[in-house]
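Structure data follow from start-v5.pdb (PDB, C-alpha atoms, pLDDT in the B column):
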ATOM      1  CA  MET A   1    -254.627-117.529 205.022  1.00 49.00           C
ATOM      2  CA  GLY A   2    -253.729-121.076 204.018  1.00 47.00           C
ATOM      3  CA  GLU A   3    -251.027-121.768 201.442  1.00 51.00           C
ATOM      4  CA  LEU A   4    -253.520-123.046 198.830  1.00 40.00           C
ATOM      5  CA  GLN A   5    -255.815-120.058 199.354  1.00 47.00           C
ATOM      6  CA  GLN A   6    -252.814-117.671 199.074  1.00 50.00           C
ATOM      7  CA  GLU A   7    -251.790-119.320 195.779  1.00 51.00           C
ATOM      8  CA  MET A   8    -255.343-119.020 194.401  1.00 47.00           C
ATOM      9  CA  ASN A   9    -255.445-115.348 195.432  1.00 58.00           C
ATOM     10  CA  GLU A  10    -252.092-114.670 193.692  1.00 62.00           C
ATOM     11  CA  ASP A  11    -253.330-116.415 190.541  1.00 73.00           C
ATOM     12  CA  CYS A  12    -256.533-114.348 190.508  1.00 80.00           C
ATOM     13  CA  LEU A  13    -254.646-111.087 191.047  1.00 82.00           C
ATOM     14  CA  CYS A  14    -252.128-111.957 188.366  1.00 83.00           C
ATOM     15  CA  GLU A  15    -254.952-112.790 185.968  1.00 85.00           C
ATOM     16  CA  ALA A  16    -256.816-109.582 186.819  1.00 86.00           C
ATOM     17  CA  LEU A  17    -253.769-107.367 186.298  1.00 88.00           C
ATOM     18  CA  GLY A  18    -252.911-109.197 183.086  1.00 87.00           C
ATOM     19  CA  GLU A  19    -256.437-108.544 181.841  1.00 89.00           C
ATOM     20  CA  LEU A  20    -256.229-104.898 182.894  1.00 89.00           C
ATOM     21  CA  LYS A  21    -252.975-104.518 180.945  1.00 90.00           C
ATOM     22  CA  LYS A  22    -254.581-106.096 177.856  1.00 89.00           C
ATOM     23  CA  LEU A  23    -257.568-103.729 178.073  1.00 87.00           C
ATOM     24  CA  GLN A  24    -255.342-100.702 178.479  1.00 87.00           C
ATOM     25  CA  ASP A  25    -253.174-101.787 175.536  1.00 87.00           C
ATOM     26  CA  PHE A  26    -256.305-102.417 173.454  1.00 83.00           C
ATOM     27  CA  ILE A  27    -257.516 -98.864 174.064  1.00 80.00           C
ATOM     28  CA  ILE A  28    -254.133 -97.431 173.132  1.00 78.00           C
ATOM     29  CA  HIS A  29    -253.142 -99.626 170.179  1.00 78.00           C
ATOM     30  CA  SER A  30    -256.395-100.750 168.537  1.00 76.00           C
ATOM     31  CA  ARG A  31    -256.644 -99.465 165.000  1.00 74.00           C
ATOM     32  CA  THR A  32    -259.145-100.093 162.242  1.00 71.00           C
ATOM     33  CA  LYS A  33    -258.823 -99.648 158.501  1.00 74.00           C
ATOM     34  CA  TYR A  34    -261.476 -96.917 158.217  1.00 70.00           C
ATOM     35  CA  PHE A  35    -261.595 -95.323 161.658  1.00 68.00           C
ATOM     36  CA  GLY A  36    -257.966 -95.414 162.801  1.00 70.00           C
ATOM     37  CA  LYS A  37    -257.556 -95.120 166.555  1.00 70.00           C
ATOM     38  CA  LEU A  38    -261.243 -94.531 167.227  1.00 69.00           C
ATOM     39  CA  MET A  39    -261.210 -96.517 170.491  1.00 67.00           C
ATOM     40  CA  ALA A  40    -258.591 -94.194 172.019  1.00 65.00           C
ATOM     41  CA  LYS A  41    -260.586 -91.165 170.877  1.00 68.00           C
ATOM     42  CA  ILE A  42    -263.812 -92.534 172.376  1.00 66.00           C
ATOM     43  CA  ALA A  43    -262.182 -93.437 175.679  1.00 66.00           C
ATOM     44  CA  GLY A  44    -260.247 -90.166 175.744  1.00 69.00           C
ATOM     45  CA  VAL A  45    -257.561 -91.705 177.981  1.00 75.00           C
ATOM     46  CA  ASP A  46    -254.696 -94.167 177.823  1.00 82.00           C
ATOM     47  CA  THR A  47    -254.891 -95.258 181.461  1.00 87.00           C
ATOM     48  CA  ILE A  48    -257.176 -97.392 183.627  1.00 89.00           C
ATOM     49  CA  PRO A  49    -256.527 -96.180 187.202  1.00 92.00           C
ATOM     50  CA  PHE A  50    -256.576 -98.649 190.085  1.00 94.00           C
ATOM     51  CA  PHE A  51    -255.724 -99.320 193.753  1.00 91.00           C
ATOM     52  CA  LEU A  52    -253.795-102.301 195.055  1.00 93.00           C
ATOM     53  CA  ILE A  53    -255.121-103.368 198.445  1.00 91.00           C
ATOM     54  CA  THR A  54    -253.046-105.129 201.116  1.00 89.00           C
ATOM     55  CA  LYS A  55    -254.498-106.927 204.146  1.00 86.00           C
ATOM     56  CA  GLU A  56    -254.656-103.664 206.086  1.00 85.00           C
ATOM     57  CA  GLU A  57    -255.216-100.843 203.580  1.00 88.00           C
ATOM     58  CA  PRO A  58    -254.627 -99.594 200.039  1.00 91.00           C
ATOM     59  CA  LEU A  59    -250.961 -99.749 199.054  1.00 93.00           C
ATOM     60  CA  LYS A  60    -249.423 -96.263 198.956  1.00 94.00           C
ATOM     61  CA  LEU A  61    -246.172 -95.601 197.132  1.00 94.00           C
ATOM     62  CA  ARG A  62    -243.998 -92.497 197.144  1.00 94.00           C
ATOM     63  CA  GLY A  63    -242.633 -90.563 194.210  1.00 93.00           C
ATOM     64  CA  LEU A  64    -241.134 -87.214 193.216  1.00 91.00           C
ATOM     65  CA  ILE A  65    -242.604 -84.440 191.106  1.00 89.00           C
ATOM     66  CA  LYS A  66    -241.226 -81.070 190.097  1.00 84.00           C
ATOM     67  CA  ASN A  67    -243.158 -78.158 191.570  1.00 78.00           C
ATOM     68  CA  LYS A  68    -244.410 -76.034 188.658  1.00 75.00           C
ATOM     69  CA  ASP A  69    -243.801 -72.768 190.554  1.00 77.00           C
ATOM     70  CA  THR A  70    -240.521 -73.356 192.447  1.00 81.00           C
ATOM     71  CA  LYS A  71    -239.083 -75.934 189.998  1.00 82.00           C
ATOM     72  CA  GLU A  72    -237.937 -77.963 193.018  1.00 87.00           C
ATOM     73  CA  GLU A  73    -238.648 -81.672 193.476  1.00 89.00           C
ATOM     74  CA  GLU A  74    -241.333 -82.534 195.997  1.00 88.00           C
ATOM     75  CA  CYS A  75    -242.263 -85.887 197.475  1.00 91.00           C
ATOM     76  CA  PHE A  76    -245.801 -87.261 197.190  1.00 92.00           C
ATOM     77  CA  SER A  77    -247.541 -90.513 198.089  1.00 93.00           C
ATOM     78  CA  THR A  78    -250.406 -92.086 196.226  1.00 95.00           C
ATOM     79  CA  PRO A  79    -252.563 -95.202 196.200  1.00 95.00           C
ATOM     80  CA  PHE A  80    -253.496 -94.614 192.504  1.00 95.00           C
ATOM     81  CA  PHE A  81    -251.597 -96.495 189.799  1.00 96.00           C
ATOM     82  CA  ARG A  82    -251.401 -97.252 186.077  1.00 94.00           C
ATOM     83  CA  ILE A  83    -250.072-100.616 184.923  1.00 94.00           C
ATOM     84  CA  GLU A  84    -247.008-100.305 182.702  1.00 94.00           C
ATOM     85  CA  GLU A  85    -245.635-103.849 182.531  1.00 92.00           C
ATOM     86  CA  PHE A  86    -246.806-107.197 183.801  1.00 88.00           C
ATOM     87  CA  ASP A  87    -244.708-110.295 184.544  1.00 89.00           C
ATOM     88  CA  LYS A  88    -247.078-113.253 184.900  1.00 85.00           C
ATOM     89  CA  GLU A  89    -244.290-115.754 185.559  1.00 87.00           C
ATOM     90  CA  ASN A  90    -243.043-113.883 188.645  1.00 87.00           C
ATOM     91  CA  CYS A  91    -246.453-112.393 189.506  1.00 84.00           C
ATOM     92  CA  CYS A  92    -245.195-108.833 189.689  1.00 88.00           C
ATOM     93  CA  ALA A  93    -246.154-105.630 187.938  1.00 91.00           C
ATOM     94  CA  THR A  94    -244.468-102.358 187.130  1.00 95.00           C
ATOM     95  CA  VAL A  95    -246.855 -99.529 187.891  1.00 96.00           C
ATOM     96  CA  SER A  96    -246.590 -95.798 187.378  1.00 96.00           C
ATOM     97  CA  LEU A  97    -247.794 -93.509 190.128  1.00 97.00           C
ATOM     98  CA  LEU A  98    -250.774 -91.269 189.429  1.00 96.00           C
ATOM     99  CA  LEU A  99    -250.751 -87.897 191.176  1.00 94.00           C
ATOM    100  CA  PRO A 100    -254.056 -87.176 192.985  1.00 94.00           C
ATOM    101  CA  LEU A 101    -255.125 -83.517 192.767  1.00 92.00           C
ATOM    102  CA  ASP A 102    -257.958 -81.710 194.529  1.00 90.00           C
ATOM    103  CA  ILE A 103    -260.415 -79.253 192.973  1.00 87.00           C
ATOM    104  CA  LYS A 104    -257.832 -76.432 193.228  1.00 86.00           C
ATOM    105  CA  GLY A 105    -255.126 -78.455 191.475  1.00 85.00           C
ATOM    106  CA  ASN A 106    -253.138 -79.116 194.644  1.00 86.00           C
ATOM    107  CA  PHE A 107    -251.799 -82.506 195.693  1.00 89.00           C
ATOM    108  CA  THR A 108    -254.206 -84.262 198.062  1.00 89.00           C
ATOM    109  CA  ASP A 109    -253.551 -87.122 200.418  1.00 83.00           C
ATOM    110  CA  SER A 110    -257.287 -87.605 201.044  1.00 85.00           C
ATOM    111  CA  ILE A 111    -259.024 -90.036 198.704  1.00 84.00           C
ATOM    112  CA  CYS A 112    -262.317 -88.186 199.268  1.00 87.00           C
ATOM    113  CA  ASP A 113    -260.858 -84.925 197.871  1.00 89.00           C
ATOM    114  CA  VAL A 114    -259.509 -86.327 194.591  1.00 90.00           C
ATOM    115  CA  MET A 115    -260.818 -84.341 191.644  1.00 90.00           C
ATOM    116  CA  THR A 116    -258.415 -85.580 188.996  1.00 90.00           C
ATOM    117  CA  LEU A 117    -255.406 -87.876 188.503  1.00 93.00           C
ATOM    118  CA  LYS A 118    -252.300 -86.934 186.523  1.00 92.00           C
ATOM    119  CA  ARG A 119    -249.754 -89.359 185.120  1.00 92.00           C
ATOM    120  CA  THR A 120    -246.182 -89.154 186.389  1.00 94.00           C
ATOM    121  CA  SER A 121    -242.947 -90.750 185.238  1.00 93.00           C
ATOM    122  CA  ASN A 122    -242.474 -92.464 188.623  1.00 96.00           C
ATOM    123  CA  CYS A 123    -242.491 -96.261 188.195  1.00 96.00           C
ATOM    124  CA  VAL A 124    -242.219 -99.023 190.801  1.00 95.00           C
ATOM    125  CA  THR A 125    -242.197-102.812 190.472  1.00 95.00           C
ATOM    126  CA  VAL A 126    -244.651-104.411 192.914  1.00 93.00           C
ATOM    127  CA  ASP A 127    -244.528-108.032 194.091  1.00 89.00           C
ATOM    128  CA  LEU A 128    -248.186-109.085 194.039  1.00 87.00           C
ATOM    129  CA  LYS A 129    -247.749-111.707 196.766  1.00 83.00           C
ATOM    130  CA  SER A 130    -248.496-109.050 199.406  1.00 82.00           C
ATOM    131  CA  ILE A 131    -251.599-107.778 197.578  1.00 89.00           C
ATOM    132  CA  CYS A 132    -255.077-109.056 198.466  1.00 87.00           C
ATOM    133  CA  ALA A 133    -257.280-107.183 195.986  1.00 89.00           C
ATOM    134  CA  ILE A 134    -257.430-104.706 193.127  1.00 91.00           C
ATOM    135  CA  GLN A 135    -259.970-101.892 192.710  1.00 91.00           C
ATOM    136  CA  CYS A 136    -260.372-100.099 189.370  1.00 90.00           C
ATOM    137  CA  PHE A 137    -261.590 -96.511 189.150  1.00 88.00           C
ATOM    138  CA  ASP A 138    -263.531 -94.549 186.593  1.00 83.00           C
ATOM    139  CA  VAL A 139    -261.314 -93.269 183.769  1.00 81.00           C
ATOM    140  CA  ASP A 140    -263.139 -89.932 184.076  1.00 79.00           C
ATOM    141  CA  LEU A 141    -260.755 -89.173 186.954  1.00 82.00           C
ATOM    142  CA  LEU A 142    -258.102 -88.657 184.267  1.00 77.00           C
ATOM    143  CA  LYS A 143    -260.240 -86.392 182.080  1.00 77.00           C
ATOM    144  CA  ARG A 144    -261.515 -83.899 184.633  1.00 76.00           C
ATOM    145  CA  LYS A 145    -260.206 -80.361 184.368  1.00 74.00           C
ATOM    146  CA  ILE A 146    -259.396 -78.174 187.345  1.00 69.00           C
ATOM    147  CA  ILE A 147    -262.001 -75.433 187.174  1.00 63.00           C
ATOM    148  CA  ILE A 148    -261.188 -73.244 190.160  1.00 62.00           C
ATOM    149  CA  GLU A 149    -258.411 -70.764 189.545  1.00 60.00           C
ATOM    150  CA  PRO A 150    -256.511 -69.039 192.344  1.00 58.00           C
ATOM    151  CA  LYS A 151    -257.542 -65.451 193.124  1.00 57.00           C
ATOM    152  CA  TRP A 152    -254.001 -64.090 192.758  1.00 52.00           C
TER     153      TRP A 152
END
Before anything else, please render the file you have as structure tokens.
Amino acid sequence: MGELQQEMNEDCLCEALGELKKLQDFIIHSRTKYFGKLMAKIAGVDTIPFFLITKEEPLKLRGLIKNKDTKEEECFSTPFFRIEEFDKENCCATVSLLLPLDIKGNFTDSICDVMTLKRTSNCVTVDLKSICAIQCFDVDLLKRKIIIEPKW
């Protein structure tokens, strides 16, 4: 990729993530005189999930979560993110990692098996110069409930 084309790509990505952050903040913070935080109630979420795509594949980052049964920390990797902060000047973003769960509520590494996404407190700052594209996902991935309970 030529230097000019790389710069244009960075500008577009920075603009897109900046816009995504504004939309997410609008959902969370918009308030009207008569209806209060109606937008947040209608959307039912405070997150717009997305992928960051490198030249080869979706970017996957690793984080830690506490196992609800053993109370021990476990490592997970995910390509699903939520934008937390955006630095247009340096073209970087702080993202939180979203935990992908399958229909049984277990962590899944397969994108095809994702039933729902759960927010985590894991945050990473990403330099957008290595990113080629962004792909947003349906916010319904954050609202789905796990409906299959274990037998025992």
Can you turn the PyMOL selection byres ((chain A and resi 123-128) around 7) into a concrete residue list for this file, as an mmCIF file with C-alpha atoms, in the coordinates of the input?
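Saved to part_16.cif:
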data_model
loop_
_atom_site.group_PDB
_atom_site.id
_atom_site.type_symbol
_atom_site.label_atom_id
_atom_site.label_comp_id
_atom_site.auth_asym_id
_atom_site.auth_seq_id
_atom_site.Cartn_x
_atom_site.Cartn_y
_atom_site.Cartn_z
ATOM 1 C CA GLU A 10 -252.092 -114.670 193.692
ATOM 2 C CA CYS A 91 -246.453 -112.393 189.506
ATOM 3 C CA CYS A 92 -245.195 -108.833 189.689
ATOM 4 C CA ALA A 93 -246.154 -105.630 187.938
ATOM 5 C CA THR A 94 -244.468 -102.358 187.130
ATOM 6 C CA VAL A 95 -246.855 -99.529 187.891
ATOM 7 C CA SER A 96 -246.590 -95.798 187.378
ATOM 8 C CA LEU A 97 -247.794 -93.509 190.128
ATOM 9 C CA SER A 121 -242.947 -90.750 185.238
ATOM 10 C CA ASN A 122 -242.474 -92.464 188.623
ATOM 11 C CA LYS A 129 -247.749 -111.707 196.766
ATOM 12 C CA SER A 130 -248.496 -109.050 199.406
ATOM 13 C CA ILE A 131 -251.599 -107.778 197.578
#
Name the residues captured by the PyMOL selection byres ((chain A and resi 73-88) around 7) when it is applied to the shown file; answer as a PDB file with C-alpha atoms, in the coordinates of the input.
ATOM      1  CA  CYS A  14    -252.128-111.957 188.366  1.00 83.00           C
ATOM      2  CA  GLY A  18    -252.911-109.197 183.086  1.00 87.00           C
ATOM      3  CA  LYS A  21    -252.975-104.518 180.945  1.00 90.00           C
ATOM      4  CA  THR A  47    -254.891 -95.258 181.461  1.00 87.00           C
ATOM      5  CA  ILE A  48    -257.176 -97.392 183.627  1.00 89.00           C
ATOM      6  CA  PRO A  49    -256.527 -96.180 187.202  1.00 92.00           C
ATOM      7  CA  PHE A  50    -256.576 -98.649 190.085  1.00 94.00           C
ATOM      8  CA  PHE A  51    -255.724 -99.320 193.753  1.00 91.00           C
ATOM      9  CA  PRO A  58    -254.627 -99.594 200.039  1.00 91.00           C
ATOM     10  CA  LEU A  59    -250.961 -99.749 199.054  1.00 93.00           C
ATOM     11  CA  LYS A  60    -249.423 -96.263 198.956  1.00 94.00           C
ATOM     12  CA  LEU A  61    -246.172 -95.601 197.132  1.00 94.00           C
ATOM     13  CA  ARG A  62    -243.998 -92.497 197.144  1.00 94.00           C
ATOM     14  CA  GLY A  63    -242.633 -90.563 194.210  1.00 93.00           C
ATOM     15  CA  LEU A  64    -241.134 -87.214 193.216  1.00 91.00           C
ATOM     16  CA  ILE A  65    -242.604 -84.440 191.106  1.00 89.00           C
ATOM     17  CA  LYS A  66    -241.226 -81.070 190.097  1.00 84.00           C
ATOM     18  CA  ASN A  67    -243.158 -78.158 191.570  1.00 78.00           C
ATOM     19  CA  LYS A  71    -239.083 -75.934 189.998  1.00 82.00           C
ATOM     20  CA  GLU A  72    -237.937 -77.963 193.018  1.00 87.00           C
ATOM     21  CA  GLU A  89    -244.290-115.754 185.559  1.00 87.00           C
ATOM     22  CA  ASN A  90    -243.043-113.883 188.645  1.00 87.00           C
ATOM     23  CA  CYS A  91    -246.453-112.393 189.506  1.00 84.00           C
ATOM     24  CA  CYS A  92    -245.195-108.833 189.689  1.00 88.00           C
ATOM     25  CA  ALA A  93    -246.154-105.630 187.938  1.00 91.00           C
ATOM     26  CA  THR A  94    -244.468-102.358 187.130  1.00 95.00           C
ATOM     27  CA  VAL A  95    -246.855 -99.529 187.891  1.00 96.00           C
ATOM     28  CA  SER A  96    -246.590 -95.798 187.378  1.00 96.00           C
ATOM     29  CA  LEU A  97    -247.794 -93.509 190.128  1.00 97.00           C
ATOM     30  CA  LEU A  98    -250.774 -91.269 189.429  1.00 96.00           C
ATOM     31  CA  LEU A  99    -250.751 -87.897 191.176  1.00 94.00           C
ATOM     32  CA  PRO A 100    -254.056 -87.176 192.985  1.00 94.00           C
TER      33      PRO A 100
END
Around all the atoms of stretch 99-113 of chain A listed in the file, with 5 Å of room on each side, what axis-aligned box do you get, giving centre and edge lengths in Å to one decimal, as AutoDock Vina command-line options?
--center_x -256.5 --center_y -83.2 --center_z 196.1 --size_x 21.6 --size_y 23.6 --size_z 19.9
Expand the PyMOL selection byres ((chain A and resi 142) around 9) into the explicit residue set it covers here, and present it as a ChimeraX atom specification. /A:44-45,47-49,115-119,138-141,143-145
Figure out the distance between atom CA of A:Asp46 and atom CA of A:Phe26, please, to one decimal in Å.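 That distance, rounded to one decimal, is 9.5 Å.
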